[in-house]
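Quick look at run-v6.txt (compact mmCIF, C-alpha atoms and all ligand atoms):
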```
# COMPACT_ATOMS: atom_id res chain seq x y z
CA MET A 22 0.00 0.00 0.00
CA LYS A 23 1.17 3.56 -0.73
CA ILE A 24 0.52 6.21 1.87
CA LEU A 25 0.63 9.96 1.45
CA VAL A 26 1.68 11.91 4.55
CA ILE A 27 0.58 15.53 4.74
CA ASN A 28 1.77 18.24 7.12
CA ALA A 29 -0.37 21.31 6.38
CA GLY A 30 0.65 24.68 7.85
CA SER A 31 -0.81 28.15 7.42
CA SER A 32 0.84 28.84 4.06
CA SER A 33 2.74 25.64 3.38
CA ILE A 34 2.14 21.94 2.84
CA LYS A 35 4.87 19.32 3.26
CA TYR A 36 4.24 15.87 1.83
CA GLN A 37 5.89 12.46 1.52
CA LEU A 38 4.68 9.38 -0.33
CA PHE A 39 5.66 6.03 1.22
CA ASP A 40 5.58 2.52 -0.17
CA MET A 41 4.67 0.47 2.89
CA THR A 42 5.98 -2.80 1.45
CA ASP A 43 9.50 -1.61 2.36
CA ASN A 44 8.77 1.71 4.17
CA LYS A 45 10.60 3.55 1.38
CA VAL A 46 10.04 7.23 0.54
CA LEU A 47 8.96 7.38 -3.13
CA CYS A 48 9.04 11.17 -3.19
CA LYS A 49 8.65 14.21 -0.99
CA GLY A 50 8.13 17.90 -1.40
CA LEU A 51 6.86 21.23 -0.29
CA CYS A 52 4.27 23.81 -1.39
CA GLU A 53 5.24 27.23 -0.05
CA ARG A 54 3.56 30.63 0.11
CA ILE A 55 0.11 29.19 -0.54
CA GLY A 56 -2.33 32.08 -0.99
CA ILE A 57 0.56 34.55 -1.12
CA GLU A 58 2.28 36.05 -4.15
CA GLY A 59 5.28 34.02 -5.29
CA SER A 60 3.95 30.53 -4.42
CA ALA A 61 6.60 27.89 -4.98
CA PHE A 62 6.55 24.11 -5.38
CA LYS A 63 9.45 21.74 -4.71
CA HIS A 64 9.30 18.00 -5.46
CA LYS A 65 12.03 15.46 -4.89
CA VAL A 66 12.30 11.89 -6.09
CA PRO A 67 15.31 10.06 -4.56
CA GLY A 68 18.12 9.79 -7.09
CA GLN A 69 16.69 12.50 -9.37
CA ASP A 70 17.25 16.26 -9.62
CA ASP A 71 14.84 18.44 -7.60
CA TYR A 72 11.83 19.70 -9.55
CA LYS A 73 11.22 23.33 -8.56
CA ILE A 74 8.66 25.69 -10.03
CA GLU A 75 6.98 28.96 -9.15
CA VAL A 76 3.29 28.49 -9.71
CA PRO A 77 0.29 30.27 -8.23
CA MET A 78 -1.52 28.27 -5.52
CA LYS A 79 -4.53 30.19 -4.31
CA ASN A 80 -5.43 27.81 -1.49
CA HIS A 81 -4.64 24.43 0.08
CA GLU A 82 -6.93 22.59 -2.32
CA GLU A 83 -5.04 23.93 -5.34
CA ALA A 84 -1.76 22.99 -3.67
CA ILE A 85 -2.85 19.42 -2.96
CA ARG A 86 -4.21 19.12 -6.51
CA LEU A 87 -0.76 20.16 -7.77
CA VAL A 88 0.89 17.56 -5.51
CA ILE A 89 -1.39 14.77 -6.81
CA ASN A 90 -0.95 15.83 -10.44
CA THR A 91 2.83 15.75 -9.95
CA LEU A 92 2.72 12.32 -8.26
CA VAL A 93 1.05 10.88 -11.40
CA SER A 94 2.82 13.03 -14.01
CA LYS A 95 4.90 11.52 -16.81
CA ASP A 96 8.08 13.48 -16.07
CA HIS A 97 8.17 13.67 -12.27
CA GLY A 98 5.61 11.12 -11.16
CA VAL A 99 6.12 7.97 -9.10
CA ILE A 100 2.67 6.33 -9.45
CA SER A 101 0.43 5.80 -12.46
CA SER A 102 -2.87 6.91 -10.94
CA MET A 103 -4.29 8.49 -7.79
CA SER A 104 -6.04 5.21 -6.95
CA GLU A 105 -2.63 3.73 -6.04
CA ILE A 106 -2.68 5.87 -2.87
CA GLY A 107 -4.32 3.70 -0.23
CA ALA A 108 -4.67 6.30 2.51
CA VAL A 109 -3.57 9.73 3.71
CA GLY A 110 -1.95 10.37 7.10
CA HIS A 111 -2.12 13.90 8.52
CA ARG A 112 0.07 15.49 11.15
CA VAL A 113 -2.35 17.32 13.44
CA LEU A 114 -0.92 19.58 16.12
CA HIS A 115 -3.43 19.58 18.95
CA GLY A 116 -5.65 16.73 20.06
CA GLY A 117 -6.37 18.25 23.48
CA GLU A 118 -7.54 15.60 25.95
CA LYS A 119 -9.65 13.96 23.26
CA PHE A 120 -6.97 11.94 21.48
CA SER A 121 -4.26 9.78 23.01
CA GLY A 122 -3.56 7.89 19.79
CA SER A 123 -3.95 8.13 16.03
CA VAL A 124 -7.48 7.80 14.62
CA LEU A 125 -9.36 7.27 11.39
CA ILE A 126 -10.89 10.60 10.40
CA ASP A 127 -14.69 10.86 10.24
CA GLN A 128 -17.10 13.73 10.82
CA LYS A 129 -16.92 13.25 14.61
CA VAL A 130 -13.11 13.41 14.56
CA ILE A 131 -13.23 16.53 12.39
CA ALA A 132 -15.59 18.17 14.89
CA ALA A 133 -13.27 17.21 17.77
CA ILE A 134 -10.19 18.61 15.97
CA GLU A 135 -12.21 21.77 15.37
CA GLU A 136 -12.93 22.01 19.11
CA CYS A 137 -9.17 21.84 19.74
CA CYS A 138 -8.58 24.93 17.51
CA GLU A 139 -8.83 27.10 20.62
CA LEU A 140 -5.77 25.33 22.06
CA GLY A 141 -3.86 25.23 18.76
CA PRO A 142 -5.08 28.29 16.84
CA LEU A 143 -1.95 28.57 14.69
CA HIS A 144 -2.04 24.99 13.39
CA ASN A 145 -5.30 23.08 13.84
CA PRO A 146 -7.35 25.20 11.39
CA HIS A 147 -4.73 24.58 8.68
CA ASN A 148 -4.50 20.87 9.50
CA LEU A 149 -8.27 20.74 8.97
CA THR A 150 -7.99 22.61 5.68
CA GLY A 151 -5.54 19.95 4.52
CA ILE A 152 -7.91 17.13 5.56
CA ARG A 153 -10.86 18.77 3.79
CA ALA A 154 -8.83 19.46 0.63
CA CYS A 155 -7.78 15.77 0.45
CA ALA A 156 -11.40 14.66 0.88
CA GLU A 157 -12.47 17.05 -1.87
CA ILE A 158 -9.84 15.76 -4.31
CA MET A 159 -9.54 12.09 -3.33
CA GLY A 160 -13.17 11.39 -2.42
CA ASP A 161 -13.70 8.81 0.31
CA ILE A 162 -10.05 7.76 0.65
CA PRO A 163 -9.33 6.75 4.29
CA GLN A 164 -7.60 9.55 6.19
CA VAL A 165 -5.87 9.23 9.55
CA ALA A 166 -4.98 11.96 12.07
CA VAL A 167 -1.73 11.61 14.04
CA PHE A 168 -1.51 14.11 16.88
CA ASP A 169 1.61 15.87 18.18
CA THR A 170 0.04 15.79 21.64
CA GLY A 171 -1.16 12.14 21.56
CA PHE A 172 1.85 10.37 23.08
CA HIS A 173 1.93 12.76 26.06
CA GLN A 174 -1.59 11.96 27.23
CA THR A 175 -0.21 9.36 29.68
CA MET A 176 1.33 12.05 31.92
CA PRO A 177 0.06 11.93 35.52
CA ASP A 178 -2.06 14.89 36.68
CA TYR A 179 0.70 16.20 38.94
CA ALA A 180 2.94 16.57 35.85
CA TYR A 181 0.36 18.19 33.59
CA MET A 182 -1.40 20.56 36.00
CA TYR A 183 -0.31 24.20 36.43
CA ALA A 184 -0.52 25.75 39.88
CA ILE A 185 -3.15 28.30 38.90
CA PRO A 186 -6.80 28.25 40.06
CA TYR A 187 -8.28 24.84 39.20
CA GLU A 188 -11.29 26.45 37.55
CA TYR A 189 -9.16 27.44 34.51
CA TYR A 190 -8.44 23.79 33.86
CA GLU A 191 -12.15 23.03 34.14
CA LYS A 192 -13.28 25.99 32.03
CA TYR A 193 -10.57 26.19 29.36
CA LYS A 194 -8.64 22.91 29.71
CA ILE A 195 -5.47 24.85 30.50
CA ARG A 196 -2.86 22.18 31.34
CA ARG A 197 0.37 20.76 29.93
CA TYR A 198 -0.17 18.83 26.68
CA GLY A 199 3.31 18.56 25.17
CA PHE A 200 4.29 18.35 21.50
CA HIS A 201 6.66 16.50 19.11
CA GLY A 202 4.86 13.41 20.48
CA THR A 203 5.41 11.41 17.28
CA SER A 204 9.15 12.04 17.53
CA HIS A 205 9.43 11.27 21.27
CA ARG A 206 7.41 8.08 20.73
CA TYR A 207 9.54 6.95 17.78
CA VAL A 208 12.96 7.64 19.30
CA SER A 209 12.10 6.17 22.72
CA GLY A 210 10.75 3.00 21.06
CA ARG A 211 13.80 2.79 18.81
CA ALA A 212 16.11 3.31 21.82
CA ALA A 213 14.58 0.25 23.51
CA GLU A 214 15.10 -1.74 20.27
CA ILE A 215 18.74 -0.62 19.98
CA LEU A 216 19.40 -1.48 23.63
CA GLY A 217 17.61 -4.81 23.27
CA ARG A 218 15.50 -4.03 26.35
CA ASP A 219 11.80 -4.08 27.13
CA PRO A 220 10.53 -0.45 27.12
CA LYS A 221 8.66 -1.29 30.36
CA ASP A 222 12.01 -1.57 32.17
CA LEU A 223 13.52 1.69 30.91
CA LYS A 224 13.73 5.28 32.12
CA ILE A 225 14.69 7.47 29.15
CA VAL A 226 15.03 11.20 28.55
CA THR A 227 14.43 12.10 24.91
CA CYS A 228 15.77 15.46 23.68
CA HIS A 229 14.16 16.66 20.45
CA LEU A 230 16.28 19.72 19.63
CA GLY A 231 15.54 21.65 16.44
CA ASN A 232 14.12 25.08 15.66
CA GLY A 233 11.45 23.99 18.10
CA SER A 234 12.74 21.89 20.99
CA SER A 235 11.22 19.73 23.68
CA ILE A 236 12.48 17.20 26.18
CA SER A 237 10.48 14.28 27.55
CA ALA A 238 10.77 11.83 30.41
CA ILE A 239 9.69 8.37 29.23
CA LYS A 240 9.14 5.86 32.02
CA GLY A 241 8.17 2.28 31.22
CA GLY A 242 7.49 3.18 27.57
CA LYS A 243 5.04 5.95 28.48
CA CYS A 244 5.41 9.70 28.63
CA PHE A 245 5.82 10.74 32.27
CA ASP A 246 6.57 14.44 31.75
CA THR A 247 7.56 16.84 28.98
CA THR A 248 8.75 20.42 28.70
CA MET A 249 6.22 21.96 26.29
CA GLY A 250 2.88 23.06 27.69
CA VAL A 251 -0.54 24.24 26.49
CA THR A 252 1.33 25.46 23.43
CA PRO A 253 4.79 24.68 21.98
CA LEU A 254 6.24 27.76 23.72
CA GLU A 255 7.14 26.39 27.15
CA GLY A 256 10.32 24.58 28.18
CA ILE A 257 13.85 24.92 26.86
CA MET A 258 14.82 28.05 24.86
CA MET A 259 14.49 27.55 21.09
CA GLY A 260 15.44 29.22 17.79
CA THR A 261 13.02 32.14 18.19
CA ARG A 262 10.87 31.02 21.16
CA CYS A 263 11.70 32.04 24.72
CA GLY A 264 10.75 28.79 26.45
CA SER A 265 9.98 29.05 30.17
CA ILE A 266 10.31 32.53 31.66
CA ASP A 267 9.00 34.15 34.83
CA PRO A 268 5.34 34.81 33.93
CA ALA A 269 5.54 38.15 35.77
CA ILE A 270 7.70 39.44 32.89
CA ILE A 271 4.55 39.61 30.76
CA PRO A 272 2.57 42.24 32.71
CA LEU A 273 5.81 44.08 33.44
CA LEU A 274 6.64 44.47 29.73
CA MET A 275 3.04 45.20 28.78
CA GLU A 276 3.19 48.16 31.11
CA LYS A 277 6.72 49.40 30.44
CA GLU A 278 6.73 48.93 26.64
CA HIS A 279 2.99 49.51 26.08
CA MET A 280 2.73 46.11 24.45
CA SER A 281 -0.56 44.36 23.71
CA ALA A 282 -1.17 40.64 24.40
CA LYS A 283 -0.56 40.05 20.68
CA ASP A 284 2.75 41.99 20.76
CA ILE A 285 3.90 39.91 23.73
CA ASP A 286 2.88 36.71 21.97
CA THR A 287 4.88 37.70 18.86
CA MET A 288 7.87 38.71 20.97
CA MET A 289 7.89 35.39 22.86
CA ASN A 290 7.34 33.19 19.79
CA LYS A 291 9.24 35.02 17.02
CA LYS A 292 11.79 37.38 18.55
CA SER A 293 13.17 35.48 21.52
CA GLY A 294 15.26 32.35 22.08
CA MET A 295 18.63 32.15 20.34
CA LEU A 296 17.63 35.02 18.05
CA GLY A 297 16.52 37.26 20.89
CA VAL A 298 19.64 36.82 23.00
CA SER A 299 22.19 36.79 20.15
CA GLN A 300 20.37 39.53 18.20
CA ARG A 301 21.94 37.82 15.20
CA THR A 302 20.57 34.42 14.38
CA SER A 303 18.08 31.72 15.33
CA ASP A 304 20.20 29.03 13.67
CA ASN A 305 22.37 26.82 15.87
CA ARG A 306 24.99 26.42 13.13
CA ASP A 307 25.57 30.20 13.12
CA ILE A 308 25.72 30.19 16.92
CA GLU A 309 28.41 27.47 16.83
CA GLU A 310 30.34 29.45 14.19
CA GLY A 311 30.02 32.58 16.34
CA VAL A 312 31.38 30.73 19.38
CA LYS A 313 34.40 29.57 17.36
CA ALA A 314 35.00 33.17 16.22
CA GLY A 315 34.90 34.41 19.82
CA ASP A 316 31.50 36.15 19.68
CA LYS A 317 30.46 36.75 23.30
CA ARG A 318 26.71 36.81 22.67
CA CYS A 319 26.85 33.51 20.78
CA GLN A 320 28.82 32.08 23.69
CA LEU A 321 26.11 33.28 26.08
CA VAL A 322 23.40 31.63 23.94
CA GLU A 323 25.32 28.37 23.91
CA ASN A 324 25.95 28.48 27.66
CA MET A 325 22.25 29.14 28.30
CA LEU A 326 21.16 26.33 25.99
CA PHE A 327 23.60 23.81 27.52
CA HIS A 328 22.66 24.85 31.07
CA GLN A 329 18.91 24.60 30.45
CA LEU A 330 19.22 21.26 28.70
CA THR A 331 21.29 19.78 31.53
CA LYS A 332 18.76 21.03 34.11
CA TYR A 333 15.88 19.34 32.31
CA VAL A 334 17.73 16.06 31.77
CA GLY A 335 18.87 15.91 35.40
CA GLY A 336 15.48 17.06 36.70
CA PHE A 337 13.62 14.41 34.74
CA ALA A 338 16.09 11.73 35.88
CA ALA A 339 15.37 12.67 39.50
CA ALA A 340 11.60 12.81 38.89
CA MET A 341 11.68 9.32 37.32
CA GLY A 342 13.97 7.99 40.04
CA GLY A 343 16.66 6.87 37.60
CA LEU A 344 18.04 7.20 34.10
CA ASP A 345 18.99 4.42 31.67
CA ALA A 346 19.47 6.44 28.49
CA VAL A 347 19.46 9.93 27.00
CA VAL A 348 18.39 10.21 23.35
CA PHE A 349 19.32 13.13 21.10
CA THR A 350 17.28 13.88 17.97
CA GLY A 351 16.07 16.79 15.78
CA GLY A 352 18.36 19.02 13.66
CA ILE A 353 20.54 20.04 16.63
CA GLY A 354 20.38 16.75 18.54
CA GLU A 355 21.35 14.74 15.46
CA ASN A 356 24.05 17.10 14.18
CA SER A 357 25.73 18.81 17.09
CA PRO A 358 28.38 16.73 18.87
CA ARG A 359 29.14 19.80 21.07
CA ILE A 360 25.80 19.86 22.84
CA ARG A 361 25.68 16.05 23.24
CA SER A 362 29.18 15.93 24.67
CA PHE A 363 28.39 18.69 27.18
CA VAL A 364 25.31 16.89 28.52
CA GLY A 365 27.06 13.50 28.63
CA HIS A 366 30.04 14.86 30.59
CA LYS A 367 27.76 16.74 33.02
CA LEU A 368 26.10 13.41 33.87
CA GLU A 369 29.42 11.85 34.94
CA PHE A 370 28.41 12.25 38.59
CA MET A 371 25.71 9.64 37.83
CA GLY A 372 28.18 7.20 36.32
CA CYS A 373 27.79 8.34 32.71
CA ARG A 374 30.90 7.96 30.51
CA VAL A 375 31.24 9.61 27.09
CA ASP A 376 33.14 8.19 24.11
CA ASP A 377 33.92 11.50 22.41
CA GLU A 378 35.28 9.81 19.31
CA LYS A 379 32.04 7.90 18.73
CA ASN A 380 30.09 11.09 19.43
CA ASN A 381 31.91 12.87 16.62
CA CYS A 382 29.27 12.07 14.00
CA ARG A 383 26.19 13.62 12.43
CA GLY A 384 22.77 12.37 11.40
CA LYS A 385 23.17 8.66 12.13
CA GLU A 386 22.28 6.21 14.87
CA VAL A 387 25.04 5.80 17.40
CA ASP A 388 25.49 4.90 21.08
CA PHE A 389 28.32 7.16 22.22
CA ALA A 390 28.55 6.02 25.84
CA THR A 391 31.54 3.83 26.76
CA PRO A 392 30.76 0.14 27.47
CA ASP A 393 31.09 0.70 31.25
CA SER A 394 28.82 3.78 31.30
CA LYS A 395 25.81 3.51 33.65
CA ILE A 396 23.78 5.63 31.24
CA ARG A 397 23.54 5.01 27.47
CA LEU A 398 23.85 8.07 25.21
CA LEU A 399 22.08 7.64 21.90
CA VAL A 400 21.77 9.66 18.71
CA ILE A 401 18.64 8.57 16.82
CA PRO A 402 17.54 10.51 13.71
CA THR A 403 13.81 11.09 14.08
CA GLU A 404 11.31 9.57 11.65
CA GLU A 405 8.14 11.58 12.20
CA GLU A 406 6.71 11.12 8.70
CA LEU A 407 7.40 7.38 8.57
CA THR A 408 5.77 7.00 12.00
CA ILE A 409 2.67 8.81 10.69
CA ALA A 410 2.67 6.53 7.63
CA LYS A 411 3.00 3.43 9.83
CA ASP A 412 0.11 4.51 12.11
CA THR A 413 -2.02 5.19 9.04
CA TYR A 414 -1.15 1.83 7.50
CA GLU A 415 -1.97 -0.02 10.71
CA ILE A 416 -5.35 1.67 11.13
CA VAL A 417 -6.34 1.25 7.48
CA THR A 418 -5.28 -2.41 7.22
CA ALA A 419 -7.22 -3.19 10.42
CA LEU A 420 -10.28 -1.68 8.72
CA ASN A 421 -10.00 -4.07 5.78
CA LYS A 422 -9.75 -7.18 8.00
P1 LIG B 1 12.59 22.09 12.82
O1 LIG B 1 12.29 22.18 14.28
O2 LIG B 1 12.19 23.31 12.04
O3 LIG B 1 12.17 20.77 12.18
P2 LIG B 1 15.29 21.02 12.53
O4 LIG B 1 14.98 19.80 13.33
O5 LIG B 1 15.59 20.87 11.09
O6 LIG B 1 14.19 22.15 12.72
O7 LIG B 1 16.55 21.72 13.25
C1 LIG B 1 17.09 22.92 12.80
C2 LIG B 1 18.28 23.27 13.71
O8 LIG B 1 19.28 22.27 13.58
C3 LIG B 1 18.91 24.60 13.37
O9 LIG B 1 19.16 25.36 14.55
C4 LIG B 1 20.23 24.18 12.76
O10 LIG B 1 21.24 25.13 12.95
C5 LIG B 1 20.54 22.91 13.51
N1 LIG B 1 21.55 22.14 12.76
C6 LIG B 1 21.40 21.56 11.56
N2 LIG B 1 22.58 21.03 11.13
C7 LIG B 1 23.50 21.30 12.11
C8 LIG B 1 24.91 21.04 12.27
N3 LIG B 1 25.60 20.40 11.34
N4 LIG B 1 25.49 21.46 13.42
C9 LIG B 1 24.81 22.13 14.36
N5 LIG B 1 23.49 22.43 14.28
C10 LIG B 1 22.84 22.02 13.17
```

For the structure just supplied, provide its representation as structure tokens.
Amino acid sequence: MKILVINAGSSSIKYQLFDMTDNKVLCKGLCERIGIEGSAFKHKVPGQDDYKIEVPMKNHEEAIRLVINTLVSKDHGVISSMSEIGAVGHRVLHGGEKFSGSVLIDQKVIAAIEECCELGPLHNPHNLTGIRACAEIMGDIPQVAVFDTGFHQTMPDYAYMYAIPYEYYEKYKIRRYGFHGTSHRYVSGRAAEILGRDPKDLKIVTCHLGNGSSISAIKGGKCFDTTMGVTPLEGIMMGTRCGSIDPAIIPLLMEKEHMSAKDIDTMMNKKSGMLGVSQRTSDNRDIEEGVKAGDKRCQLVENMLFHQLTKYVGGFAAAMGGLDAVVFTGGIGENSPRIRSFVGHKLEFMGCRVDDEKNNCRGKEVDFATPDSKIRLLVIPTEEELTIAKDTYEIVTALNK
């Protein structure tokens, strides 16, 4: 069966087509600036040159139509007709408390995703647009929703509640949800496979570090705690997001700088993090270059990032009552030996031992702890799209049984 995975954002759609007989990517691509002047389309078939065009895409439906037409086209296609696609899997940001796993999409599910728009206003409406556009173009093809929040629904109440009046949880469902769930689920499962251990016996901290970053405590194969909250803003500092700050900063700045709630939201999401402190860049590669060149602000950003990461890893280890492995994934986690080495060496007081030679690698699976280390240190490239495809395949094949 072939499965199309769709990640629909406000003005972009990312897609990948998988052949589930061998889990291979047949092609992937990106529609950018949908509904904006200068829309662009990029399509990649492994082993071939990228196909890039500028073509107007007025809305998500037009974009998905272009994707399908390309998938079946003579020059750039990989399938002969749309009917070869057995199902579509969608990345959906927020499932609130309604979804703890992936589900087949029907009208009830659509209504429930709609209800979660209040919690994920920047993503859920666009995820729904993607689902509706696929239904419009591909008729009654089975569609599956895979939620970023799903894996974290196992957190105990004392990990997901905020210490604000309980009524706000009851009225607005304000609590910790957590994100990057598909990635944390995949890498923690893969870690157990690599270590040849039953996930039930393991206490793992998974560090998904990219433009957006989150860290999770996985105890017995289930999420026990995570750093992101109601929205993907809380936790460790990120490319442009501030992460956790003293909440009293918000009213203080609103008063001093005459900022509105919207201004504050933009500042915290788009102008903070590595960009805000360095005043130069949100990109970790540039920060690492800056550190090498002796730039003090880049050094400060790196010190802050390393310090925060170590606090979360150590804090989660204490909260779980032990630590068997730390997993690094995401653009930074997979590609930055510096950050991995720092965390590994900081954990020496717990019996962790780093093999810095093994750690000197990028973008591939490796266990860079020495054989006698009490804690394993793993790099595992994340596979979010393949995980979505696998969930979709499982749900759809169960339907046909
Ligand atoms: P997103 O959260 O948007 O999916 P990614 O997971 O692709 O982002 O991560 C992007 C981050 O990874 C950027 O900060 C980038 O600098 C960092 N990164 C990518 N390659 C390297 C590298 N070779 N060394 C250090 N950092 C890297």

Residues within 9 Å of ligand LIG 1 (chain B), counting all atoms listed in the file, as an NGL selection string: :A and (229-234 or 259-260 or 295 or 303-309 or 350-360 or 383-384 or 403)

Surrounding residues of Met78 in chain A excluding itself and chain neighbours under 4 positions, 8 Å, all atoms listed in the file, as number ranges by chain: A: 54-57, 60, 83-84

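Counting from CA of Gly30 in chain A, the distance to CA of Glu139 in chain A is 16.1 Å.
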
Spatial neighbours of range 85-95 of chain A, 8 Å, only C-alpha atoms, chain gap at least 3 places, as a PyMOL selection string: chain A and resi 81-82+98-103+151+154-155+158

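Distance-wise, CA of Leu114 in chain A and CA of Pro77 in chain A end up 26.6 Å apart.
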
All residues 12 Å or closer to Ser293 in chain A, only C-alpha atoms, same chain fewer than 6 positions away omitted, as a PyMOL selection string: chain A and resi 232+254+257-266+285-287+299-303+322

Counting only C-alpha atoms, the residue of A:Val113, A:Met176, A:Ala238, A:Val298 that sits nearest Ile27 in chain A: A:Val113

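The closest residue to Glu386 in chain A, picked from A:Val348, A:Ala184, A:Leu368, A:Met280 and counting only C-alpha atoms, is A:Val348.
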
For Leu25 in chain A, the nearest of the candidates A:Asn148, A:Thr203, A:Thr331, A:Gln164, counting all atoms listed in the file: A:Gln164

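Nearest to Cys382 in chain A of all the residues A:Arg397, A:Arg206, A:Arg361, A:Lys221 is A:Arg361, counting all atoms listed in the file.
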
Which centre and which edge lengths, in Å to one decimal, describe the axis-aligned box that holds all listed atoms of range 325-339 of chain A after 8 Å is added on each side, as JSON?
```
{"center_x": 18.6, "center_y": 20.4, "center_z": 32.7, "size_x": 26.0, "size_y": 33.4, "size_z": 29.5}
```

Near-Phe168 in chain A list (10 Å; only C-alpha atoms; drop same-chain fewer than 5 positions) as a list in words: His111, Arg112, Val113, Leu114, His115, Gly116, Gly117, Phe120, Ser121, Gly122, Ser123, Val124, Ile134, His173, Phe200, His201, Gly202, Thr203 and Ile409 of chain A

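Of the listed residues (A:Phe172, A:Tyr198, A:Tyr193, A:Phe349), A:Phe349 comes nearest to Lys385 in chain A; the distances count only C-alpha atoms.
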
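The residue set within 12 Å of Gly107 in chain A, counting all atoms listed in the file and dropping same-chain residues fewer than 4 places from it, reads A:Met22, A:Lys23, A:Ile24, A:Leu25, A:Val26, A:Leu38, A:Phe39, A:Asp40, A:Met41, A:Ile100, A:Ser102, A:Met103, A:Met159, A:Gly160, A:Asp161, A:Ile162, A:Pro163, A:Gln164, A:Val165, A:Ala410, A:Thr413, A:Tyr414, A:Glu415, A:Ile416, A:Val417, A:Thr418, A:Asn421.
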
CA of His147 in chain A to CA of Cys48 in chain A, distance in Å rounded to a single decimal: 22.6 Å

Closest of A:Val251, A:Leu51, A:Val400, A:Leu420 to Val208 in chain A - atom-to-atom distances counting only C-alpha atoms: A:Val400

Given the point (15.6, 3.3, 32.4) in the file's coordinates, find the residues that have an atom at most 9 Å from it, counting all atoms listed in the file, and give them as a CSV table (one decimal) with C-alpha atoms, in the coordinates of the input.
```csv
chain,number,residue,atom,x,y,z
A,220,PRO,CA,10.5,-0.4,27.1
A,221,LYS,CA,8.7,-1.3,30.4
A,222,ASP,CA,12.0,-1.6,32.2
A,223,LEU,CA,13.5,1.7,30.9
A,224,LYS,CA,13.7,5.3,32.1
A,225,ILE,CA,14.7,7.5,29.2
A,226,VAL,CA,15.0,11.2,28.6
A,239,ILE,CA,9.7,8.4,29.2
A,240,LYS,CA,9.1,5.9,32.0
A,241,GLY,CA,8.2,2.3,31.2
A,341,MET,CA,11.7,9.3,37.3
A,343,GLY,CA,16.7,6.9,37.6
A,344,LEU,CA,18.0,7.2,34.1
A,345,ASP,CA,19.0,4.4,31.7
A,346,ALA,CA,19.5,6.4,28.5
A,396,ILE,CA,23.8,5.6,31.2
```
